[in-house]
Structures are given as C-alpha cells and as structure tokens.
>>> print(open('run.txt').read())   # compact mmCIF, C-alpha atoms
# COMPACT_ATOMS: atom_id res chain seq x y z
CA MET F 1 72.99 12.07 61.74
CA LYS F 2 70.17 10.20 63.44
CA SER F 3 67.48 8.46 61.45
CA SER F 4 64.88 10.91 62.80
CA GLU F 5 66.87 13.98 61.75
CA LEU F 6 66.51 15.79 58.45
CA PRO F 7 69.56 16.36 56.27
CA ARG F 8 70.87 19.80 55.44
CA LYS F 9 68.97 21.35 52.58
CA VAL F 10 70.23 24.09 50.28
CA THR F 11 68.40 26.25 47.77
CA VAL F 12 69.85 26.40 44.25
CA TYR F 13 69.40 29.40 41.96
CA GLY F 14 70.61 29.27 38.38
CA ALA F 15 69.26 32.22 36.39
CA LYS F 16 68.84 32.19 32.63
CA TRP F 17 72.00 33.20 30.79
CA PRO F 18 71.40 36.19 28.49
CA GLY F 19 71.08 35.13 24.87
CA ASP F 20 70.67 31.43 25.60
CA GLU F 21 67.31 29.88 24.75
CA ASP F 22 68.05 27.05 27.20
CA HIS F 23 67.08 28.51 30.58
CA GLN F 24 68.32 25.39 32.38
CA ARG F 25 71.98 25.72 31.39
CA ALA F 26 73.20 26.90 34.79
CA ILE F 27 71.14 24.25 36.60
CA ARG F 28 72.61 21.52 34.43
CA PHE F 29 76.08 22.80 35.31
CA PHE F 30 75.18 22.46 38.99
CA LYS F 31 73.78 18.94 38.55
CA LYS F 32 76.84 17.78 36.63
CA TYR F 33 79.68 19.30 38.66
CA VAL F 34 78.31 20.19 42.12
CA LYS F 35 75.44 17.82 42.85
CA PRO F 36 77.53 14.58 43.00
CA VAL F 37 79.55 15.87 45.94
CA LEU F 38 76.43 17.07 47.76
CA VAL F 39 74.73 13.70 47.27
CA ALA F 40 77.78 11.90 48.62
CA ALA F 41 77.70 14.17 51.68
CA ALA F 42 73.95 13.61 52.25
CA VAL F 43 73.08 17.24 51.52
CA ASP F 44 69.62 17.75 50.04
CA TYR F 45 68.86 20.55 47.59
CA ASP F 46 65.89 22.39 46.14
CA VAL F 47 66.17 23.89 42.65
CA ILE F 48 64.14 27.06 42.03
CA PRO F 49 63.17 27.16 38.32
CA THR F 50 63.48 30.37 36.31
CA ARG F 51 62.52 30.78 32.66
CA GLN F 52 63.56 34.32 31.73
CA LEU F 53 65.71 37.19 32.88
CA GLY F 54 64.45 38.75 36.09
CA ASP F 55 62.48 35.72 37.31
CA LEU F 56 64.99 35.06 40.08
CA THR F 57 64.81 38.67 41.26
CA ARG F 58 61.04 38.68 41.36
CA HIS F 59 60.93 35.34 43.18
CA VAL F 60 63.39 36.44 45.88
CA ALA F 61 61.68 39.81 46.38
CA SER F 62 58.27 38.14 46.69
CA SER F 63 59.63 35.59 49.18
CA VAL F 64 61.14 38.33 51.36
CA VAL F 65 57.90 40.35 51.35
CA THR F 66 55.95 37.24 52.32
CA GLN F 67 58.42 36.57 55.14
CA ARG F 68 58.06 40.15 56.42
CA ARG F 69 54.25 40.01 56.32
CA ILE F 70 54.19 36.76 58.29
CA ALA F 71 56.68 38.10 60.84
CA LEU F 72 54.47 41.17 61.46
CA GLY F 73 51.31 39.09 61.76
CA ILE F 74 49.69 40.56 58.64
CA ASP F 75 49.44 37.13 57.02
CA GLN F 76 49.28 33.69 58.54
CA PRO F 77 51.77 30.96 57.64
CA PRO F 78 50.45 28.52 55.04
CA ALA F 79 48.71 25.62 56.72
CA PRO F 80 50.19 22.17 55.99
CA PRO F 81 47.89 19.79 54.08
CA LEU F 82 48.29 17.17 56.82
CA ASN F 83 48.84 17.59 60.53
CA LEU F 84 51.76 15.29 61.27
CA SER F 85 53.49 14.81 64.58
CA ASN F 86 56.90 15.61 63.13
CA GLN F 87 55.72 18.69 61.24
CA LEU F 88 58.26 21.53 61.48
CA SER F 89 57.20 24.87 62.86
CA GLU F 90 57.97 28.15 61.07
CA GLU F 91 60.92 28.77 63.42
CA GLN F 92 62.31 25.31 62.74
CA LYS F 93 61.91 25.79 58.98
CA ARG F 94 63.75 29.10 59.17
CA ALA F 95 66.54 27.55 61.24
CA ARG F 96 66.90 24.79 58.67
CA GLU F 97 67.19 27.38 55.88
CA LEU F 98 69.97 29.14 57.78
CA GLU F 99 71.79 25.84 58.34
CA GLY F 100 71.56 24.96 54.67
CA GLY F 101 72.48 27.91 52.51
CA VAL F 102 71.90 29.30 49.03
CA ILE F 103 73.83 28.25 45.91
CA LEU F 104 74.21 30.91 43.21
CA VAL F 105 75.48 29.58 39.88
CA GLY F 106 77.29 32.33 37.99
CA ARG F 107 77.65 36.07 38.35
CA HIS F 108 74.31 36.74 36.67
CA SER F 109 72.56 34.72 39.40
CA LEU F 110 74.38 36.73 42.08
CA LYS F 111 73.21 40.00 40.52
CA GLU F 112 69.60 38.87 40.32
CA TYR F 113 69.64 37.43 43.86
CA LEU F 114 70.99 40.55 45.55
CA GLU F 115 68.65 42.74 43.50
CA GLY F 116 65.76 40.67 44.82
CA LEU F 117 67.01 40.95 48.40
CA VAL F 118 67.28 44.73 48.15
CA ARG F 119 63.80 45.05 46.68
CA GLY F 120 62.25 42.71 49.22
CA TRP F 121 63.76 44.48 52.24
CA THR F 122 63.18 48.00 50.87
CA CYS F 123 59.74 48.00 49.23
CA GLY F 124 56.39 48.24 50.98
CA LEU F 125 54.31 45.29 52.11
CA GLU F 126 51.32 45.82 49.86
CA ASN F 127 50.18 42.85 47.78
CA VAL F 128 50.73 44.14 44.26
CA ASP F 129 49.33 42.23 41.30
CA ARG F 130 51.82 43.01 38.54
CA GLU F 131 49.50 41.81 35.79
CA GLU F 132 46.53 43.82 37.07
CA ARG F 133 48.65 46.95 37.45
CA LEU F 134 49.98 46.54 33.91
CA ALA F 135 46.49 45.94 32.56
CA GLN F 136 45.29 49.21 34.10
CA GLU F 137 48.27 51.06 32.66
CA LEU F 138 47.66 49.67 29.18
CA ALA F 139 43.93 50.41 29.36
CA ALA F 140 44.65 54.07 30.14
CA ASP F 141 47.14 54.77 27.34
CA GLY F 142 44.48 55.17 24.64
CA THR F 143 45.70 52.49 22.25
CA PHE F 144 42.24 50.93 21.97
CA ASP F 145 40.31 54.21 21.86
CA GLU F 146 37.97 54.84 18.95
CA VAL F 147 39.60 56.77 16.12
CA ASP F 148 36.46 58.18 14.45
CA GLU F 149 34.83 60.84 16.59
CA GLY F 150 31.46 60.46 14.87
CA LYS F 151 31.04 56.84 15.90
CA SER F 152 30.10 55.64 19.33
CA PRO F 153 32.31 53.05 20.97
CA VAL F 154 31.56 49.42 20.28
CA GLY F 155 28.42 48.29 22.12
CA VAL F 156 27.31 51.84 23.05
CA VAL F 157 24.26 53.56 21.54
CA ASP F 158 22.92 57.07 21.95
CA ASP F 159 19.42 56.05 23.05
CA PRO F 160 19.48 55.38 26.82
CA GLU F 161 16.35 53.19 26.53
CA VAL F 162 18.05 50.72 24.18
CA GLU F 163 20.12 47.86 25.58
CA PRO F 164 23.82 48.00 24.51
CA ILE F 165 24.78 45.82 21.58
CA PRO F 166 26.38 42.61 22.88
CA THR F 167 29.74 42.10 21.23
CA SER F 168 32.74 39.97 22.01
CA SER F 169 34.70 43.10 22.91
CA ARG F 170 32.23 44.27 25.55
CA LEU F 171 30.72 42.66 28.57
CA PRO F 172 27.25 41.16 27.94
CA PRO F 173 24.25 43.07 29.29
CA SER F 174 23.56 42.45 32.93
CA ARG F 175 20.97 39.76 33.72
CA ASN F 176 18.93 39.02 36.81
CA ALA F 177 19.69 42.48 38.14
CA ALA F 178 17.00 42.04 40.77
CA LEU F 179 19.03 39.33 42.41
CA LEU F 180 21.99 41.65 42.89
CA PRO F 181 22.24 43.96 45.93
CA PRO F 182 21.66 47.69 45.28
CA LEU F 183 24.76 49.76 44.70
CA GLY F 184 24.04 51.94 47.70
CA PHE F 185 24.06 48.99 50.09
CA SER F 186 27.37 47.40 49.17
CA LYS F 187 28.92 45.46 52.03
CA PRO F 188 31.74 47.41 53.69
CA PRO F 189 35.12 45.71 53.98
CA PRO F 190 35.74 43.81 57.22
CA VAL F 191 37.39 45.70 60.04
CA SER F 192 40.30 43.28 60.00
CA ASP F 193 41.02 44.07 56.34
CA VAL F 194 40.96 47.82 57.03
CA THR F 195 43.30 47.38 59.98
CA SER F 196 45.59 45.20 57.91
CA LYS F 197 45.79 47.82 55.15
CA LEU F 198 46.55 50.57 57.64
CA LEU F 199 49.27 48.43 59.21
CA VAL F 200 50.80 47.66 55.81
CA ALA F 201 50.83 51.34 54.84
CA SER F 202 52.50 52.37 58.12
CA VAL F 203 55.31 49.80 58.08
CA ASN F 204 58.75 51.11 57.17
CA PRO F 205 61.65 48.95 55.94
CA PRO F 206 63.63 47.53 58.88
CA SER F 207 66.86 49.25 59.82
CA THR F 208 68.57 45.91 60.49
CA LEU F 209 68.07 42.60 58.78
CA PRO F 210 67.61 39.17 60.35
CA PRO F 211 70.21 36.45 59.72
CA GLN F 212 70.38 35.30 56.11
CA PRO F 213 71.40 31.90 54.68
CA PRO F 214 75.10 31.78 53.70
CA LEU F 215 75.87 32.00 49.99
CA LEU F 216 77.90 29.62 47.84
CA LEU F 217 79.22 31.40 44.74
CA VAL F 218 79.72 28.80 42.00
CA PRO F 219 81.77 29.92 38.98
CA PHE F 220 79.95 29.46 35.68
CA THR F 221 80.34 30.86 32.19
CA ASN F 222 78.39 30.12 29.03
CA HIS F 223 79.64 30.69 25.49
CA ILE F 224 76.90 31.60 23.01
CA GLY F 225 77.52 32.59 19.42
CA PHE F 226 79.90 31.95 16.54
CA ARG F 227 82.55 34.30 17.88
CA TYR F 228 83.07 32.09 20.94
CA ILE F 229 83.74 28.83 19.08
CA PRO F 230 87.46 28.95 20.05
CA HIS F 231 86.40 29.24 23.68
CA MET F 232 84.08 26.25 23.26
CA ILE F 233 86.91 24.17 21.80
CA TRP F 234 89.26 25.16 24.61
CA SER F 235 86.57 24.38 27.19
CA PHE F 236 85.92 20.96 25.64
CA PHE F 237 89.54 19.91 26.13
CA ASN F 238 89.76 21.38 29.65
CA GLU F 239 86.89 19.64 31.38
CA ARG F 240 89.03 19.15 34.48
CA ASP F 241 88.86 22.87 35.29
CA ARG F 242 85.05 22.80 35.60
CA VAL F 243 85.16 19.54 37.55
CA ARG F 244 87.62 21.01 40.01
CA ALA F 245 85.71 24.30 40.37
CA GLY F 246 82.42 22.48 41.02
CA ALA F 247 84.00 20.04 43.47
CA GLU F 248 85.76 22.78 45.43
CA ALA F 249 82.55 24.80 45.67
CA ALA F 250 80.59 21.78 46.90
CA TYR F 251 83.37 20.90 49.37
CA ALA F 252 83.23 24.39 50.85
CA LEU F 253 79.49 24.01 51.42
CA VAL F 254 79.84 20.55 52.95
CA ILE F 255 82.55 21.71 55.39
CA GLY F 256 80.40 24.67 56.32
CA GLN F 257 83.02 27.32 57.07
CA THR F 258 81.83 30.83 56.31
CA ARG F 259 83.07 34.39 56.35
CA ASP F 260 81.41 37.76 56.00
CA PHE F 261 80.31 38.82 52.55
CA ARG F 262 82.73 41.51 51.45
CA GLY F 263 80.90 44.57 50.22
CA PRO F 264 82.15 47.62 48.32
CA ASN F 265 85.64 48.95 49.07
CA SER F 266 86.74 45.56 50.46
CA TRP F 267 89.77 45.13 48.25
CA HIS F 268 92.05 43.03 50.42
CA SER F 269 91.40 39.78 52.25
CA ASP F 270 93.29 36.70 53.30
CA ASP F 271 90.99 34.30 51.46
CA ALA F 272 89.96 34.71 47.83
CA PRO F 273 86.39 34.02 46.74
CA LEU F 274 85.59 30.75 45.02
CA GLN F 275 85.82 31.64 41.38
CA GLU F 276 87.61 30.80 38.21
CA THR F 277 90.31 33.12 36.94
CA PRO F 278 90.19 34.20 33.30
CA LYS F 279 92.30 31.92 31.12
CA SER F 280 94.66 33.10 28.41
CA THR F 281 92.00 32.53 25.77
CA GLU F 282 89.66 34.82 27.69
CA GLY F 283 91.91 37.85 27.80
CA GLU F 284 89.55 39.84 25.63
CA ALA F 285 86.65 39.05 27.95
CA ALA F 286 88.66 40.00 31.02
CA SER F 287 89.71 43.39 29.67
CA GLY F 288 87.73 46.57 30.04
CA THR F 289 86.11 45.67 33.36
CA LEU F 290 88.14 47.86 35.69
CA ASP F 291 85.64 50.68 35.37
CA SER F 292 82.88 48.39 36.71
CA MET F 293 84.76 47.17 39.78
CA GLN F 294 82.95 47.63 43.09
CA GLY F 295 85.27 45.69 45.38
CA GLY F 296 84.98 42.57 47.48
CA ASP F 297 82.64 39.74 46.52
CA LEU F 298 80.62 42.13 44.35
CA ASP F 299 83.35 41.63 41.73
CA PHE F 300 82.80 37.86 41.66
CA MET F 301 83.56 36.75 38.07
CA LEU F 302 83.33 40.33 36.84
CA TRP F 303 85.27 39.39 33.72
CA SER F 304 82.50 36.97 32.66
CA GLU F 305 80.12 39.84 31.83
CA LYS F 306 81.83 40.31 28.48
CA PHE F 307 80.47 36.92 27.39
CA PHE F 308 76.85 38.04 27.43
CA ALA F 309 77.44 41.64 26.37
CA PRO F 310 76.55 40.91 22.69
CA HIS F 311 73.24 39.29 23.67
CA SER F 312 71.22 42.34 24.62
CA PRO F 313 67.50 41.71 23.94
CA LEU F 314 66.63 45.41 23.73
CA SER F 315 66.97 45.71 19.94
CA SER F 316 64.90 42.59 19.25
CA ILE F 317 62.24 43.75 21.73
CA SER F 318 62.12 47.17 20.08
CA ASP F 319 61.69 45.61 16.62
CA ALA F 320 59.01 43.19 17.83
CA ARG F 321 57.11 45.97 19.60
CA LYS F 322 57.29 48.23 16.53
CA SER F 323 56.06 45.46 14.23
CA TYR F 324 53.22 44.54 16.57
CA TYR F 325 51.91 48.07 17.06
CA SER F 326 52.12 48.85 13.34
CA SER F 327 49.73 45.98 12.56
CA LEU F 328 47.45 46.46 15.58
CA PRO F 329 45.22 49.29 14.20
CA SER F 330 44.16 47.29 11.14
CA ARG F 331 43.46 44.20 13.24
CA LEU F 332 41.46 46.26 15.72
CA THR F 333 39.45 47.89 12.93
CA ALA F 334 38.60 44.50 11.45
CA ALA F 335 37.55 43.16 14.85
CA ARG F 336 35.22 46.11 15.47
CA GLN F 337 33.71 46.02 11.99
CA LEU F 338 32.88 42.34 12.35
CA ALA F 339 31.53 42.88 15.87
CA ARG F 340 29.22 45.69 14.66
CA GLY F 341 28.12 43.69 11.63
CA GLU F 342 29.35 46.39 9.24
CA ARG F 343 30.74 43.79 6.84
CA GLU F 344 30.94 40.07 6.29
CA MET F 345 33.99 37.90 6.73
CA THR F 346 36.18 37.35 3.72
CA LYS F 347 37.05 33.85 2.57
CA GLU F 348 40.46 34.16 4.18
CA GLU F 349 38.90 35.32 7.46
CA GLU F 350 36.47 32.41 7.38
CA LYS F 351 39.42 30.02 7.22
CA ASN F 352 41.34 31.94 9.89
CA PRO F 353 38.92 33.99 12.01
CA PRO F 354 40.49 37.26 13.19
CA ALA F 355 40.90 37.95 16.88
CA SER F 356 38.18 39.87 18.69
CA GLU F 357 38.89 43.05 20.62
CA VAL F 358 38.93 41.13 23.88
CA GLU F 359 41.48 38.71 22.45
CA LEU F 360 43.58 41.59 21.14
CA ARG F 361 43.63 43.21 24.58
CA ALA F 362 44.69 39.91 26.17
CA GLU F 363 47.33 39.41 23.49
CA ARG F 364 48.74 42.88 24.08
CA LEU F 365 48.84 42.33 27.83
CA THR F 366 50.75 39.07 27.36
CA LYS F 367 53.27 40.58 24.96
CA GLU F 368 53.88 43.73 27.00
CA SER F 369 54.26 41.68 30.18
CA LYS F 370 56.91 39.52 28.51
CA TRP F 371 58.74 42.44 26.89
CA ARG F 372 58.86 44.51 30.07
CA ALA F 373 60.02 41.55 32.14
CA GLN F 374 62.86 40.93 29.68
CA GLU F 375 63.85 44.60 29.69
CA GLU F 376 63.80 44.67 33.48
CA GLY F 377 65.87 41.50 33.72
CA TRP F 378 68.46 42.71 31.23
CA ASN F 379 68.86 46.00 33.09
CA ILE F 380 69.76 43.97 36.18
CA VAL F 381 72.43 41.73 34.64
CA ARG F 382 73.73 43.84 31.77
CA PRO F 383 77.48 44.57 31.64
CA GLY F 384 78.46 47.74 33.44
CA MET F 385 75.55 47.50 35.86
CA GLY F 386 77.09 46.65 39.23
CA VAL F 387 75.70 44.24 41.76
CA ARG F 388 72.98 45.84 43.89
CA TRP F 389 74.16 46.48 47.44
CA ASP F 390 72.59 47.61 50.70
CA GLU F 391 74.69 48.59 53.71
CA ARG F 392 72.35 46.56 55.90
CA PHE F 393 73.93 43.45 54.34
CA ARG F 394 77.23 44.05 56.15
CA GLY F 395 77.71 41.46 58.86
CA VAL F 396 74.49 39.70 57.85
CA LEU F 397 75.39 38.02 54.56
CA LYS F 398 77.86 35.16 54.79
CA VAL F 399 79.82 33.28 52.12
CA PHE F 400 81.06 29.69 52.22
CA LYS F 401 84.83 29.44 51.97
CA LEU F 402 87.37 26.68 51.57
CA PRO F 403 89.10 25.65 54.81
CA GLU F 404 92.55 27.04 55.24
CA GLU F 405 95.50 24.71 54.95
CA GLY F 406 97.04 23.54 58.22
CA GLY F 407 94.04 24.40 60.35
CA SER F 408 90.36 25.17 60.44
CA THR F 409 89.12 28.68 61.10
CA GLY F 410 85.84 30.32 60.45
CA THR F 411 82.29 29.72 61.49
CA GLY F 412 80.75 26.34 60.95
CA VAL F 413 77.13 26.12 59.91
CA ALA F 414 76.81 22.37 59.61
>>> encode(input="run.txt", output="structure tokens")
Amino acid sequence: MKSSELPRKVTVYGAKWPGDEDHQRAIRFFKKYVKPVLVAAAVDYDVIPTRQLGDLTRHVASSVVTQRRIALGIDQPPAPPLNLSNQLSEEQKRARELEGGVILVGRHSLKEYLEGLVRGWTCGLENVDREERLAQELAADGTFDEVDEGKSPVGVVDDPEVEPIPTSSRLPPSRNAALLPPLGFSKPPPVSDVTSKLLVASVNPPSTLPPQPPLLLVPFTNHIGFRYIPHMIWSFFNERDRVRAGAEAAYALVIGQTRDFRGPNSWHSDDAPLQETPKSTEGEAASGTLDSMQGGDLDFMLWSEKFFAPHSPLSSISDARKSYYSSLPSRLTAARQLARGEREMTKEEEKNPPASEVELRAERLTKESKWRAQEEGWNIVRPGMGVRWDERFRGVLKVFKLPEEGGSTGTGVA
C-alpha cells in the first residue's frame, strides 16, 4: 500500500445482548479477539454504537433511506467542513465501503442488520420524525383530557374577551401580534419543496439492489443469569476457543475471499459459515431450534437464541407501564390544581415541587418512546423470530469465508 492510499475500512456492528445492561459487550468481544488481527493487517474499523435493542435496525434503515434519497437527487450529499485536495467523492466513499465490509458480532446483530436492510430498501423515502409522530399519537389518545365536564380546560375561559390564563401547561398568550404576518397571507412552500415531496411520494422501492458490502459473521454468545454459571465456568477455562474463533473470522476478512450469502432453502454447501458449534455443555441451548430453521446463513448460530430467551423485557415493560399510568391521574390533577391556583402547595410539595402538565407530557413521551423501542427491538431478535429476508438479497449480499486448503478460490475484495 502506498503512503498516499487509504487502508481498508470496515464497519463494526455489535448490538446490545438482550438482558445485559452492558450494551458494549459485543463490541468488547470484537476488540479483544478480532481487532488485534485487523490492526496487524493494517485494516481500519469504525464502530457504530448502539445502546438498546433495535438501535442497529433503525440506524441501518435510516442510512439506506439517506443513500436512496441522495442517489435520486432528492437530497444533496453532506458538504465536507474543509475543501481538501484529497477529499473523496461520494462514488469513492461508496467504493471504499464495498472494499471494506461489515462485521456483525453475534446472531442478534445479524437479525437487526438484515431487518434494517429490508426496511430501508422497502419503505418510502419520506423524512419521518419518530418522536413527532409518537407525540401526535399520544396527544390524540385522550390521556390528558379533562375528566370533569363542568370545568373548562386549563387556561381556557368562557368569556372570549378575557385573555387565557397563563399556566405552565399552556402556551403563554401571544405577544406583539402586530409584528406577525396575517394568517391569510402565509408564505407558500417553495416550488422545489413541493416537487421534492411529489417525487418522494411517487418513488417505489427498487426491484434490484446495488452492490452491498460483504458481511463477516463473528460468533458470539453471552451468558446472563444464575442458571448459566456452569457455562461461565466452562467458558473461563476454554478461552482458546474464543481466541481461535475471533482470529479465524479476522483472517477471513483480511484475505478477502467471499461467497454469496445463502438464503432460505440453501441447506447444502461446500464451505460452512464461520461460527462456533454448540459444545456439550450447551446441549440444552442447542435443542428445540429445528422448528426455527430457515436454511443457509440465516441459521447462523441459531442455537444461541436459547441463551437470551429468558430475558424478555415485555413483562417488565408491562409492569412499568401499568405502574406509571396508575399514578398519572393523581399527578395530573395536582399539576392542574396548582396551575389554576385552586390550592396551595403542601410542605412536602414545597420541598419537592410536583411536575407541571408540560413536564408530565414530556415525561410520558420519553417513557413511551423508550418502551416502544424496546418492544420493537425484542420482537426483532426474540427466539423463534427468523432472520428477515428479501429475495432481492440473492446474489447481492456476500459473506467472507476462510480460504480453502490447497488452493484459493472465491472472489477477492482486498
């Protein structure tokens, strides 16, 4: 490699393992067992952080939609902060991504990644603000509606000549209204924006996909909970297995030989995917997975799903949501009474002022956003839910493979 050339660069995805509070567990596995070989081979890497289930899926889907919008001319590529002579163009950046590859640590990362690819190449191209859409949905469900029919809503009076009561749960009365343009003369949207919206609405998902970066499937399992202490002890005294698995995966990426990603009904092949096989102590985890088999690389480390089966967050989310909504009416009543001046604060409330209605709405939005993201993420990786597949992936997705003994076959990407 010349001094003016850039090294290969790979993207690393390590999704959060279900039930583990440490969202960096998979990334630490990569840095300990895979990274040393990549560093020795002068291969650069970029780690994409994820903090909760489903983050990887949402990131990949958003990246694909952005790529499609730029390719159609709807959006412009982000301008670099500095104009340098050796600045890479968008085509050169894309070529470098294809030369590098994507590292997926564990089966759960594979499930989230392919789910994101399917969403990105199937959904529309509209810019959707998830938080704004959720806020509108929550505002329309009637949770914060007034209970007593005889009372007017907070900040609203019957006399049209009287200015609304300013409260922390309502917007303050408008000021300097003369400085604002009349409602009837609002500025129409630019023609370019209208054209862009019409173009976005008329675009259909492509029938064929452009080339995608090859995938490196890195075997990874995580033992969480008291029941898996025997597995932890066995794993502690068999460090060499993880070292070998990480080194072989990194070696396959460095060599750069690839093959087609085997989709459903691809049961037989000359080369096996890079993955650990269930050990004797993991017989219980490997059993009961035949009904979830899809075939090919979609069954990568299928047996490992049993390890996060007991860590479903649905029950804890249901309990937290029930507890929150049972206490919300009393908190909302107190906030409105204090805002209307119907009563004074108690001594306890003076020490710890209760939240206003605006703060309660923001709190609910934050909690619901977190709960729904966790539910969505769990439904992607939960045991029994197969890996998302699209027939357009055939012949487009590639997987790094170990070179065959006695010769070198396959497609090099280095």
>>> closest_atom_pairs(input="run.txt", of="stretch 349-382 of chain F", to="stretch 328-339 of chain F", cutoff="8 Å", atoms="only C-alpha atoms", output="tab-separated table")
residue	atom	partner	partner_atom	distance
F:Pro354	CA	F:Ala335	CA	6.8
F:Ala355	CA	F:Ala335	CA	6.5
F:Ser356	CA	F:Ala335	CA	5.1
F:Glu357	CA	F:Ala335	CA	5.9
F:Leu360	CA	F:Leu332	CA	7.5
>>> residues_around(input="run.txt", residues="stretch 381-383 of chain F", least_positions_apart="3", cutoff="8 Å", atoms="all atoms listed in the file", output="list in words")
His108, Lys111, Glu112, Glu305, Lys306, Phe308, Ala309, Ser312, Gly377, Trp378 and Gly386 of chain F
>>> residues_around(input="run.txt", residues="F:Asp22", least_positions_apart="3", cutoff="12 Å", atoms="all atoms listed in the file", output="VMD selection string")
chain F and resid 14 to 19 25 to 28 50 to 53 222 224
>>> residues_around(input="run.txt", residues="stretch 235-242 of chain F", least_positions_apart="2", cutoff="10 Å", atoms="only C-alpha atoms", output="list in words")
Phe29, Lys32, Tyr33, Val34, Pro219, Phe220, Thr221, His223, Ile229, Pro230, His231, Met232, Ile233, Arg244, Ala245, Gly246, Ala247, Glu248, Glu276 and Thr281 of chain F
>>> atom_distance(input="run.txt", atom1="atom CA of F:Arg68", atom2="atom CA of F:Trp389")
19.5 Å
>>> atom_distance(input="run.txt", atom1="atom CA of F:Val105", atom2="atom CA of F:Gly384")
19.5 Å
>>> atom_distance(input="run.txt", atom1="atom CA of F:Met385", atom2="atom CA of F:Asp55")
17.7 Å
>>> residues_near_point(input="run.txt", point="(81.8, 41.2, 47.0)", cutoff="12 Å", atoms="all atoms listed in the file", output="VMD selection string")
chain F and resid 107 110 to 111 114 215 217 259 to 269 272 to 275 293 to 302 386 to 390 393 to 394 397 to 399
>>> build_atoms(input="run.txt", residues="stretch 119-134 of chain F", atoms="N, CA, C and O atoms", output="PDB file, keeping the file's coordinate frame")
ATOM      1  N   ARG F 119      65.200  44.683  46.900  1.00  0.00           N
ATOM      2  CA  ARG F 119      63.800  45.050  46.680  1.00  0.00           C
ATOM      3  C   ARG F 119      62.906  44.532  47.807  1.00  0.00           C
ATOM      4  O   ARG F 119      62.022  45.243  48.287  1.00  0.00           O
ATOM      5  N   GLY F 120      63.117  43.287  48.206  1.00  0.00           N
ATOM      6  CA  GLY F 120      62.250  42.710  49.220  1.00  0.00           C
ATOM      7  C   GLY F 120      62.352  43.393  50.560  1.00  0.00           C
ATOM      8  O   GLY F 120      61.348  43.545  51.270  1.00  0.00           O
ATOM      9  N   TRP F 121      63.572  43.844  50.931  1.00  0.00           N
ATOM     10  CA  TRP F 121      63.760  44.480  52.240  1.00  0.00           C
ATOM     11  C   TRP F 121      63.627  46.002  52.184  1.00  0.00           C
ATOM     12  O   TRP F 121      63.799  46.670  53.199  1.00  0.00           O
ATOM     13  N   THR F 122      63.312  46.553  51.010  1.00  0.00           N
ATOM     14  CA  THR F 122      63.180  48.000  50.870  1.00  0.00           C
ATOM     15  C   THR F 122      61.754  48.419  50.512  1.00  0.00           C
ATOM     16  O   THR F 122      61.287  49.474  50.948  1.00  0.00           O
ATOM     17  N   CYS F 123      61.064  47.609  49.715  1.00  0.00           N
ATOM     18  CA  CYS F 123      59.740  48.000  49.230  1.00  0.00           C
ATOM     19  C   CYS F 123      58.703  47.889  50.332  1.00  0.00           C
ATOM     20  O   CYS F 123      58.968  47.392  51.434  1.00  0.00           O
ATOM     21  N   GLY F 124      57.496  48.349  50.037  1.00  0.00           N
ATOM     22  CA  GLY F 124      56.390  48.240  50.980  1.00  0.00           C
ATOM     23  C   GLY F 124      55.857  46.820  51.034  1.00  0.00           C
ATOM     24  O   GLY F 124      56.296  45.922  50.306  1.00  0.00           O
ATOM     25  N   LEU F 125      54.868  46.620  51.890  1.00  0.00           N
ATOM     26  CA  LEU F 125      54.310  45.290  52.110  1.00  0.00           C
ATOM     27  C   LEU F 125      52.960  45.084  51.438  1.00  0.00           C
ATOM     28  O   LEU F 125      52.267  44.114  51.730  1.00  0.00           O
ATOM     29  N   GLU F 126      52.590  45.982  50.547  1.00  0.00           N
ATOM     30  CA  GLU F 126      51.320  45.820  49.860  1.00  0.00           C
ATOM     31  C   GLU F 126      51.398  44.648  48.879  1.00  0.00           C
ATOM     32  O   GLU F 126      52.433  44.394  48.267  1.00  0.00           O
ATOM     33  N   ASN F 127      50.276  43.922  48.774  1.00  0.00           N
ATOM     34  CA  ASN F 127      50.180  42.850  47.780  1.00  0.00           C
ATOM     35  C   ASN F 127      49.879  43.481  46.422  1.00  0.00           C
ATOM     36  O   ASN F 127      48.764  43.960  46.184  1.00  0.00           O
ATOM     37  N   VAL F 128      50.868  43.493  45.555  1.00  0.00           N
ATOM     38  CA  VAL F 128      50.730  44.140  44.260  1.00  0.00           C
ATOM     39  C   VAL F 128      50.617  43.061  43.185  1.00  0.00           C
ATOM     40  O   VAL F 128      51.483  42.184  43.072  1.00  0.00           O
ATOM     41  N   ASP F 129      49.524  43.127  42.438  1.00  0.00           N
ATOM     42  CA  ASP F 129      49.330  42.230  41.300  1.00  0.00           C
ATOM     43  C   ASP F 129      49.950  42.896  40.082  1.00  0.00           C
ATOM     44  O   ASP F 129      49.411  43.860  39.537  1.00  0.00           O
ATOM     45  N   ARG F 130      51.102  42.387  39.663  1.00  0.00           N
ATOM     46  CA  ARG F 130      51.820  43.010  38.540  1.00  0.00           C
ATOM     47  C   ARG F 130      50.995  42.994  37.273  1.00  0.00           C
ATOM     48  O   ARG F 130      50.977  43.971  36.515  1.00  0.00           O
ATOM     49  N   GLU F 131      50.292  41.905  37.019  1.00  0.00           N
ATOM     50  CA  GLU F 131      49.500  41.810  35.790  1.00  0.00           C
ATOM     51  C   GLU F 131      48.325  42.774  35.823  1.00  0.00           C
ATOM     52  O   GLU F 131      48.016  43.419  34.812  1.00  0.00           O
ATOM     53  N   GLU F 132      47.658  42.889  36.966  1.00  0.00           N
ATOM     54  CA  GLU F 132      46.530  43.820  37.070  1.00  0.00           C
ATOM     55  C   GLU F 132      46.992  45.262  36.939  1.00  0.00           C
ATOM     56  O   GLU F 132      46.336  46.078  36.280  1.00  0.00           O
ATOM     57  N   ARG F 133      48.124  45.586  37.553  1.00  0.00           N
ATOM     58  CA  ARG F 133      48.650  46.950  37.450  1.00  0.00           C
ATOM     59  C   ARG F 133      49.023  47.279  36.008  1.00  0.00           C
ATOM     60  O   ARG F 133      48.755  48.385  35.518  1.00  0.00           O
ATOM     61  N   LEU F 134      49.631  46.318  35.307  1.00  0.00           N
ATOM     62  CA  LEU F 134      49.980  46.540  33.910  1.00  0.00           C
ATOM     63  C   LEU F 134      48.735  46.670  33.051  1.00  0.00           C
ATOM     64  O   LEU F 134      48.689  47.495  32.123  1.00  0.00           O
TER      65      LEU F 134
END
